[in-house]
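J.: Please find one structure pasted underneath; my questions will follow.
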Amino acid sequence: MITSPITTPHFHSRVLALLSSSLAEAGASRYDTNGSDSKLHSMKPLVIPPLSPVDTFLTPDESISQIVAISSTWTDLCSPDPFIAAVSADILKLEIAYAAFCGISYVLIPGPRLRRSSMYDGSLTRYARAILEALSAGPYMQIQIWMPIIDHPGNTVE
């Protein structure tokens with residue numbers, strides 16, 4: 001089997017640039033990371049633009065169905081910050097929709113980042129909702145969730 005990431009590092013840097021400009025527009029005083037959804041009303045939603053040829057290695061082809069695609073590992077669907085979780089969910093949905101357009105049948109998605117408080121703060125619910133939305137973008141796709149066997153908080157890169 002051959003695996004391939006859906007997006008390139010160029011896409012990652014483009015999303016980070018959009019995120020930093022959005023946060024700069026909103027102002028640090030109005031941005032709250034305590035996990036409260038009510039604080040997000042002052043921030044404009046971040047619109048992730050469609051993938052361009054430099055953002056992905058994949059193109060529709062007759063042999064592409066043999067590739068197992070890997071979604072971005074730098075997204076955090078379980079982020080305690082609802083804004084980051086929403087942006088990550090948008091990125092996942094965009095990646096799944098593009099992979100389905102290309103004809104990919106199998107996608108690996110990183111499992112939830114295990115945190116001590118994730119069972120109580122709603123982040124696993126946000127993760128499940130993002131997976132459900134991704135399945136609606138690629139209904140004929142098989143999605144495997146890449147789960148860690150052991151939680152190593154020291155190895156997790158934020």
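Each chain of the structure tokens is named A, B, ... in the order shown, its residues numbered from 1; ligands are numbered from 1 in display order.
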Quick one: residues within 10 Å of Val47 in chain A, only C-alpha atoms counted, chain neighbours fewer than 3 positions away excluded, as a list in words?

T.: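 Surrounding residues, per the criterion: Val15, Leu18, Leu19, Ser22, Lys44, Pro50, Val87, Asp90 and Ile91 of chain A.
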
J.: Compile the contact shell of range 133-146 of chain A as a tab-separated table (two decimals) with all heavy atoms, in the first residue's frame: residues with an atom at most 9 Å away, counting only C-alpha atoms, same-chain residues fewer than 3 positions apart removed.

T.:
```tsv
chain	number	residue	atom	x	y	z
A	89	ALA	N	-11.69	21.34	12.04
A	89	ALA	CA	-12.80	20.60	11.43
A	89	ALA	C	-13.03	21.05	9.99
A	89	ALA	O	-13.29	20.22	9.11
A	89	ALA	CB	-14.07	20.78	12.25
A	90	ASP	N	-12.91	22.35	9.72
A	90	ASP	CA	-13.04	22.86	8.36
A	90	ASP	C	-11.94	22.30	7.46
A	90	ASP	O	-12.19	21.95	6.30
A	90	ASP	CB	-13.02	24.38	8.34
A	90	ASP	CG	-14.26	25.01	8.92
A	90	ASP	OD1	-15.28	24.29	9.09
A	90	ASP	OD2	-14.22	26.21	9.23
A	92	LEU	N	-10.28	19.45	7.91
A	92	LEU	CA	-10.56	18.04	7.69
A	92	LEU	C	-11.64	17.84	6.63
A	92	LEU	O	-11.50	17.01	5.73
A	92	LEU	CB	-10.96	17.36	8.99
A	92	LEU	CG	-11.32	15.88	8.86
A	92	LEU	CD1	-10.11	15.05	8.46
A	92	LEU	CD2	-11.91	15.36	10.16
A	93	LYS	N	-12.70	18.62	6.71
A	93	LYS	CA	-13.79	18.50	5.74
A	93	LYS	C	-13.30	18.85	4.33
A	93	LYS	O	-13.65	18.17	3.36
A	93	LYS	CB	-14.95	19.40	6.15
A	93	LYS	CG	-16.20	19.14	5.38
A	93	LYS	CD	-17.36	19.91	5.96
A	93	LYS	CE	-18.62	19.64	5.18
A	93	LYS	NZ	-19.76	20.38	5.70
A	94	LEU	N	-12.46	19.88	4.21
A	94	LEU	CA	-11.90	20.26	2.92
A	94	LEU	C	-11.01	19.14	2.37
A	94	LEU	O	-11.10	18.79	1.18
A	94	LEU	CB	-11.10	21.55	3.07
A	94	LEU	CG	-10.37	22.06	1.83
A	94	LEU	CD1	-11.37	22.64	0.85
A	94	LEU	CD2	-9.35	23.11	2.23
A	95	GLU	N	-10.19	18.56	3.22
A	95	GLU	CA	-9.30	17.48	2.79
A	95	GLU	C	-10.09	16.24	2.35
A	95	GLU	O	-9.78	15.63	1.32
A	95	GLU	CB	-8.33	17.11	3.90
A	95	GLU	CG	-7.26	18.13	4.15
A	95	GLU	CD	-6.31	17.74	5.26
A	95	GLU	OE1	-6.74	16.99	6.19
A	95	GLU	OE2	-5.15	18.16	5.21
A	96	ILE	N	-11.09	15.88	3.12
A	96	ILE	CA	-11.90	14.69	2.78
A	96	ILE	C	-12.66	14.93	1.48
A	96	ILE	O	-12.73	14.03	0.63
A	96	ILE	CB	-12.86	14.34	3.93
A	96	ILE	CG1	-12.08	13.92	5.17
A	96	ILE	CG2	-13.84	13.25	3.52
A	96	ILE	CD1	-11.24	12.68	5.02
A	97	ALA	N	-13.21	16.10	1.31
A	97	ALA	CA	-13.94	16.40	0.07
A	97	ALA	C	-13.00	16.34	-1.14
A	97	ALA	O	-13.37	15.80	-2.19
A	97	ALA	CB	-14.60	17.78	0.17
A	98	TYR	N	-11.78	16.87	-0.99
A	98	TYR	CA	-10.85	16.83	-2.11
A	98	TYR	C	-10.40	15.40	-2.40
A	98	TYR	O	-10.29	14.99	-3.55
A	98	TYR	CB	-9.63	17.73	-1.85
A	98	TYR	CG	-8.72	17.77	-3.04
A	98	TYR	CD1	-9.06	18.51	-4.17
A	98	TYR	CD2	-7.54	17.03	-3.08
A	98	TYR	CE1	-8.25	18.53	-5.28
A	98	TYR	CE2	-6.73	17.04	-4.19
A	98	TYR	CZ	-7.08	17.79	-5.30
A	98	TYR	OH	-6.28	17.80	-6.41
A	99	ALA	N	-10.14	14.63	-1.34
A	99	ALA	CA	-9.74	13.23	-1.53
A	99	ALA	C	-10.86	12.44	-2.21
A	99	ALA	O	-10.59	11.61	-3.09
A	99	ALA	CB	-9.37	12.60	-0.18
A	100	ALA	N	-12.09	12.70	-1.84
A	100	ALA	CA	-13.23	12.02	-2.49
A	100	ALA	C	-13.33	12.44	-3.95
A	100	ALA	O	-13.60	11.61	-4.82
A	100	ALA	CB	-14.52	12.35	-1.74
A	101	PHE	N	-13.08	13.70	-4.24
A	101	PHE	CA	-13.09	14.18	-5.62
A	101	PHE	C	-12.02	13.47	-6.45
A	101	PHE	O	-12.26	13.10	-7.60
A	101	PHE	CB	-12.86	15.69	-5.65
A	101	PHE	CG	-12.49	16.23	-7.00
A	101	PHE	CD1	-13.44	16.34	-8.00
A	101	PHE	CD2	-11.19	16.62	-7.27
A	101	PHE	CE1	-13.10	16.83	-9.25
A	101	PHE	CE2	-10.84	17.12	-8.52
A	101	PHE	CZ	-11.79	17.22	-9.51
A	103	GLY	N	-10.92	10.50	-5.97
A	103	GLY	CA	-11.24	9.09	-6.10
A	103	GLY	C	-10.58	8.20	-5.06
A	103	GLY	O	-10.52	6.98	-5.22
A	104	ILE	N	-10.11	8.79	-3.99
A	104	ILE	CA	-9.47	8.02	-2.92
A	104	ILE	C	-10.56	7.32	-2.11
A	104	ILE	O	-11.60	7.90	-1.81
A	104	ILE	CB	-8.61	8.94	-2.04
A	104	ILE	CG1	-7.40	9.34	-2.85
A	104	ILE	CG2	-8.23	8.29	-0.74
A	104	ILE	CD1	-6.41	10.19	-2.16
A	105	SER	N	-10.29	6.07	-1.76
A	105	SER	CA	-11.27	5.28	-1.02
A	105	SER	C	-10.97	5.18	0.46
A	105	SER	O	-11.87	4.93	1.26
A	105	SER	CB	-11.34	3.86	-1.59
A	105	SER	OG	-11.67	3.90	-2.94
A	106	TYR	N	-9.72	5.34	0.86
A	106	TYR	CA	-9.30	5.15	2.25
A	106	TYR	C	-8.54	6.37	2.74
A	106	TYR	O	-7.63	6.86	2.07
A	106	TYR	CB	-8.40	3.92	2.40
A	106	TYR	CG	-9.03	2.65	1.94
A	106	TYR	CD1	-8.83	2.16	0.67
A	106	TYR	CD2	-9.86	1.93	2.80
A	106	TYR	CE1	-9.42	1.00	0.24
A	106	TYR	CE2	-10.47	0.76	2.38
A	106	TYR	CZ	-10.24	0.31	1.10
A	106	TYR	OH	-10.84	-0.85	0.69
A	107	VAL	N	-8.91	6.83	3.94
A	107	VAL	CA	-8.23	7.97	4.55
A	107	VAL	C	-7.93	7.64	6.01
A	107	VAL	O	-8.79	7.12	6.72
A	107	VAL	CB	-9.07	9.26	4.47
A	107	VAL	CG1	-8.41	10.41	5.20
A	107	VAL	CG2	-9.33	9.65	3.03
A	108	LEU	N	-6.72	7.96	6.44
A	108	LEU	CA	-6.34	7.85	7.85
A	108	LEU	C	-6.47	9.23	8.49
A	108	LEU	O	-5.98	10.21	7.94
A	108	LEU	CB	-4.88	7.39	7.98
A	108	LEU	CG	-4.58	5.94	7.73
A	108	LEU	CD1	-3.06	5.72	7.77
A	108	LEU	CD2	-5.25	5.07	8.74
A	109	ILE	N	-7.13	9.26	9.63
A	109	ILE	CA	-7.29	10.51	10.37
A	109	ILE	C	-6.67	10.31	11.75
A	109	ILE	O	-6.91	9.29	12.40
A	109	ILE	CB	-8.79	10.86	10.52
A	109	ILE	CG1	-9.41	11.10	9.16
A	109	ILE	CG2	-8.98	12.07	11.41
A	109	ILE	CD1	-10.89	11.34	9.20
A	110	PRO	N	-5.86	11.27	12.21
A	110	PRO	CA	-5.30	11.13	13.56
A	110	PRO	C	-6.40	11.10	14.60
A	110	PRO	O	-7.38	11.83	14.50
A	110	PRO	CB	-4.42	12.37	13.75
A	110	PRO	CG	-4.38	13.06	12.45
A	110	PRO	CD	-5.42	12.49	11.56
A	111	GLY	N	-6.23	10.23	15.59
A	111	GLY	CA	-7.21	10.13	16.67
A	111	GLY	C	-7.17	11.35	17.56
A	111	GLY	O	-6.31	12.23	17.42
A	112	PRO	N	-8.09	11.42	18.48
A	112	PRO	CA	-8.12	12.58	19.39
A	112	PRO	C	-6.88	12.61	20.26
A	112	PRO	O	-6.37	11.57	20.67
A	112	PRO	CB	-9.38	12.34	20.23
A	112	PRO	CG	-9.69	10.90	20.10
A	112	PRO	CD	-9.14	10.45	18.78
A	128	ALA	N	-16.00	14.04	17.48
A	128	ALA	CA	-16.99	13.17	16.85
A	128	ALA	C	-17.83	13.93	15.82
A	128	ALA	O	-18.14	13.40	14.74
A	128	ALA	CB	-17.89	12.55	17.91
A	129	ARG	N	-18.19	15.17	16.13
A	129	ARG	CA	-18.96	15.97	15.19
A	129	ARG	C	-18.15	16.27	13.92
A	129	ARG	O	-18.68	16.23	12.81
A	129	ARG	CB	-19.39	17.29	15.85
A	129	ARG	CG	-20.37	18.09	15.01
A	129	ARG	CD	-20.87	19.32	15.74
A	129	ARG	NE	-21.58	18.93	16.95
A	129	ARG	CZ	-21.32	19.44	18.16
A	129	ARG	NH1	-20.37	20.35	18.32
A	129	ARG	NH2	-22.00	19.05	19.21
A	130	ALA	N	-16.85	16.53	14.09
A	130	ALA	CA	-15.98	16.79	12.93
A	130	ALA	C	-15.87	15.55	12.05
A	130	ALA	O	-15.88	15.64	10.82
A	130	ALA	CB	-14.61	17.25	13.39
```

J.: Do you know which residues are at most 9 Å from His12 in chain A counting only C-alpha atoms, after dropping those on the same chain fewer than 6 positions away, and could you put them as a list in words?

T.: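 The residues that qualify are Asp55, Ser72 and Trp74 of chain A.
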
J.: Could you pull out the strand (DSSP E) residues of range 56-158 of chain A from DSSP and send them as a list in words?

T.: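 So, restricting range 56-158 of chain A to strand (DSSP E), we get Ile67, Val68, Ala69, Ile70, Tyr106, Val107, Leu108, Ile109, Pro110, Gln142, Ile143, Gln144, Ile145 and Trp146 of chain A.
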
J.: Output all heavy atoms for every residue in the selection just made, as a compact mmCIF listing (two decimals), in the first residue's frame.

T.:
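Final output, saved to selection17.txt:
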```
# COMPACT_ATOMS: atom_id res chain seq x y z
N ILE A 67 -4.30 4.38 -3.30
CA ILE A 67 -3.54 5.15 -2.31
C ILE A 67 -4.36 5.32 -1.04
O ILE A 67 -5.56 5.57 -1.09
CB ILE A 67 -3.15 6.52 -2.88
CG1 ILE A 67 -2.16 6.34 -4.03
CG2 ILE A 67 -2.56 7.44 -1.82
CD1 ILE A 67 -1.77 7.63 -4.72
N VAL A 68 -3.70 5.20 0.10
CA VAL A 68 -4.30 5.52 1.39
C VAL A 68 -3.86 6.94 1.73
O VAL A 68 -2.66 7.20 1.90
CB VAL A 68 -3.85 4.53 2.49
CG1 VAL A 68 -4.43 4.94 3.83
CG2 VAL A 68 -4.27 3.11 2.14
N ALA A 69 -4.81 7.85 1.80
CA ALA A 69 -4.49 9.25 2.08
C ALA A 69 -4.45 9.47 3.58
O ALA A 69 -5.15 8.81 4.35
CB ALA A 69 -5.53 10.16 1.45
N ILE A 70 -3.61 10.41 3.99
CA ILE A 70 -3.47 10.75 5.40
C ILE A 70 -3.83 12.22 5.57
O ILE A 70 -3.26 13.09 4.90
CB ILE A 70 -2.03 10.50 5.90
CG1 ILE A 70 -1.65 9.04 5.68
CG2 ILE A 70 -1.89 10.90 7.36
CD1 ILE A 70 -0.20 8.74 5.96
N TYR A 106 -9.72 5.34 0.86
CA TYR A 106 -9.30 5.15 2.25
C TYR A 106 -8.54 6.37 2.74
O TYR A 106 -7.63 6.86 2.07
CB TYR A 106 -8.40 3.92 2.40
CG TYR A 106 -9.03 2.65 1.94
CD1 TYR A 106 -8.83 2.16 0.67
CD2 TYR A 106 -9.86 1.93 2.80
CE1 TYR A 106 -9.42 1.00 0.24
CE2 TYR A 106 -10.47 0.76 2.38
CZ TYR A 106 -10.24 0.31 1.10
OH TYR A 106 -10.84 -0.85 0.69
N VAL A 107 -8.91 6.83 3.94
CA VAL A 107 -8.23 7.97 4.55
C VAL A 107 -7.93 7.64 6.01
O VAL A 107 -8.79 7.12 6.72
CB VAL A 107 -9.07 9.26 4.47
CG1 VAL A 107 -8.41 10.41 5.20
CG2 VAL A 107 -9.33 9.65 3.03
N LEU A 108 -6.72 7.96 6.44
CA LEU A 108 -6.34 7.85 7.85
C LEU A 108 -6.47 9.23 8.49
O LEU A 108 -5.98 10.21 7.94
CB LEU A 108 -4.88 7.39 7.98
CG LEU A 108 -4.58 5.94 7.73
CD1 LEU A 108 -3.06 5.72 7.77
CD2 LEU A 108 -5.25 5.07 8.74
N ILE A 109 -7.13 9.26 9.63
CA ILE A 109 -7.29 10.51 10.37
C ILE A 109 -6.67 10.31 11.75
O ILE A 109 -6.91 9.29 12.40
CB ILE A 109 -8.79 10.86 10.52
CG1 ILE A 109 -9.41 11.10 9.16
CG2 ILE A 109 -8.98 12.07 11.41
CD1 ILE A 109 -10.89 11.34 9.20
N PRO A 110 -5.86 11.27 12.21
CA PRO A 110 -5.30 11.13 13.56
C PRO A 110 -6.40 11.10 14.60
O PRO A 110 -7.38 11.83 14.50
CB PRO A 110 -4.42 12.37 13.75
CG PRO A 110 -4.38 13.06 12.45
CD PRO A 110 -5.42 12.49 11.56
N GLN A 142 -13.84 5.15 3.16
CA GLN A 142 -13.62 4.46 4.43
C GLN A 142 -12.59 5.27 5.21
O GLN A 142 -11.50 5.53 4.72
CB GLN A 142 -13.12 3.05 4.19
CG GLN A 142 -14.18 2.17 3.58
CD GLN A 142 -13.75 0.72 3.56
OE1 GLN A 142 -12.90 0.30 4.32
NE2 GLN A 142 -14.35 -0.03 2.67
N ILE A 143 -12.98 5.67 6.40
CA ILE A 143 -12.11 6.49 7.24
C ILE A 143 -11.65 5.65 8.42
O ILE A 143 -12.47 5.08 9.14
CB ILE A 143 -12.85 7.76 7.72
CG1 ILE A 143 -13.17 8.65 6.52
CG2 ILE A 143 -12.04 8.50 8.76
CD1 ILE A 143 -13.93 9.90 6.85
N GLN A 144 -10.35 5.56 8.58
CA GLN A 144 -9.76 4.88 9.73
C GLN A 144 -9.20 5.94 10.66
O GLN A 144 -8.52 6.87 10.21
CB GLN A 144 -8.64 3.92 9.31
CG GLN A 144 -9.12 2.64 8.68
CD GLN A 144 -9.42 2.77 7.21
OE1 GLN A 144 -8.86 3.59 6.53
NE2 GLN A 144 -10.31 1.94 6.71
N ILE A 145 -9.49 5.78 11.93
CA ILE A 145 -8.99 6.73 12.93
C ILE A 145 -7.75 6.11 13.56
O ILE A 145 -7.78 5.00 14.08
CB ILE A 145 -10.07 7.05 13.98
CG1 ILE A 145 -11.26 7.69 13.29
CG2 ILE A 145 -9.50 7.96 15.05
CD1 ILE A 145 -12.42 7.97 14.18
N TRP A 146 -6.68 6.84 13.49
CA TRP A 146 -5.37 6.42 13.93
C TRP A 146 -5.26 6.73 15.42
O TRP A 146 -5.01 7.86 15.81
CB TRP A 146 -4.39 7.22 13.12
CG TRP A 146 -2.96 7.00 13.22
CD1 TRP A 146 -2.29 6.13 14.00
CD2 TRP A 146 -1.98 7.70 12.47
NE1 TRP A 146 -0.96 6.25 13.79
CE2 TRP A 146 -0.74 7.21 12.86
CE3 TRP A 146 -2.03 8.71 11.52
CZ2 TRP A 146 0.45 7.68 12.32
CZ3 TRP A 146 -0.85 9.19 10.99
CH2 TRP A 146 0.36 8.67 11.39
```

J.: Quick one: pull the distance between CA of Asp76 in chain A and CA of Tyr127 in chain A, Å, one decimal.

T.: 8.7 Å

J.: Provide the CA of Ser79 in chain A to CA of Leu51 in chain A distance in Å, to one decimal place.

T.: 23.5 Å

J.: I need the residue nearest Ile84 in chain A from this list: A:Leu23, A:Leu132, A:Ser71, A:Leu58. Use only C-alpha atoms for the distance.

T.: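 Nearest candidate to Ile84 in chain A out of A:Leu23, A:Leu132, A:Ser71, A:Leu58: A:Leu23.
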
J.: Using only C-alpha atoms, which residue out of A:Met147, A:Ile131, A:Ile6, A:Met1 lies closest to Val54 in chain A?

T.: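 Checking each of A:Met147, A:Ile131, A:Ile6, A:Met1 against Val54 in chain A, counting only C-alpha atoms, the winner is A:Ile6.
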
J.: Calculated over only C-alpha atoms, which of the candidates A:Thr8, A:Ala24, A:Gly122, A:Cys102 has the smallest distance to Ser63 in chain A?

T.: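 For Ser63 in chain A, the nearest of the given residues is A:Cys102.
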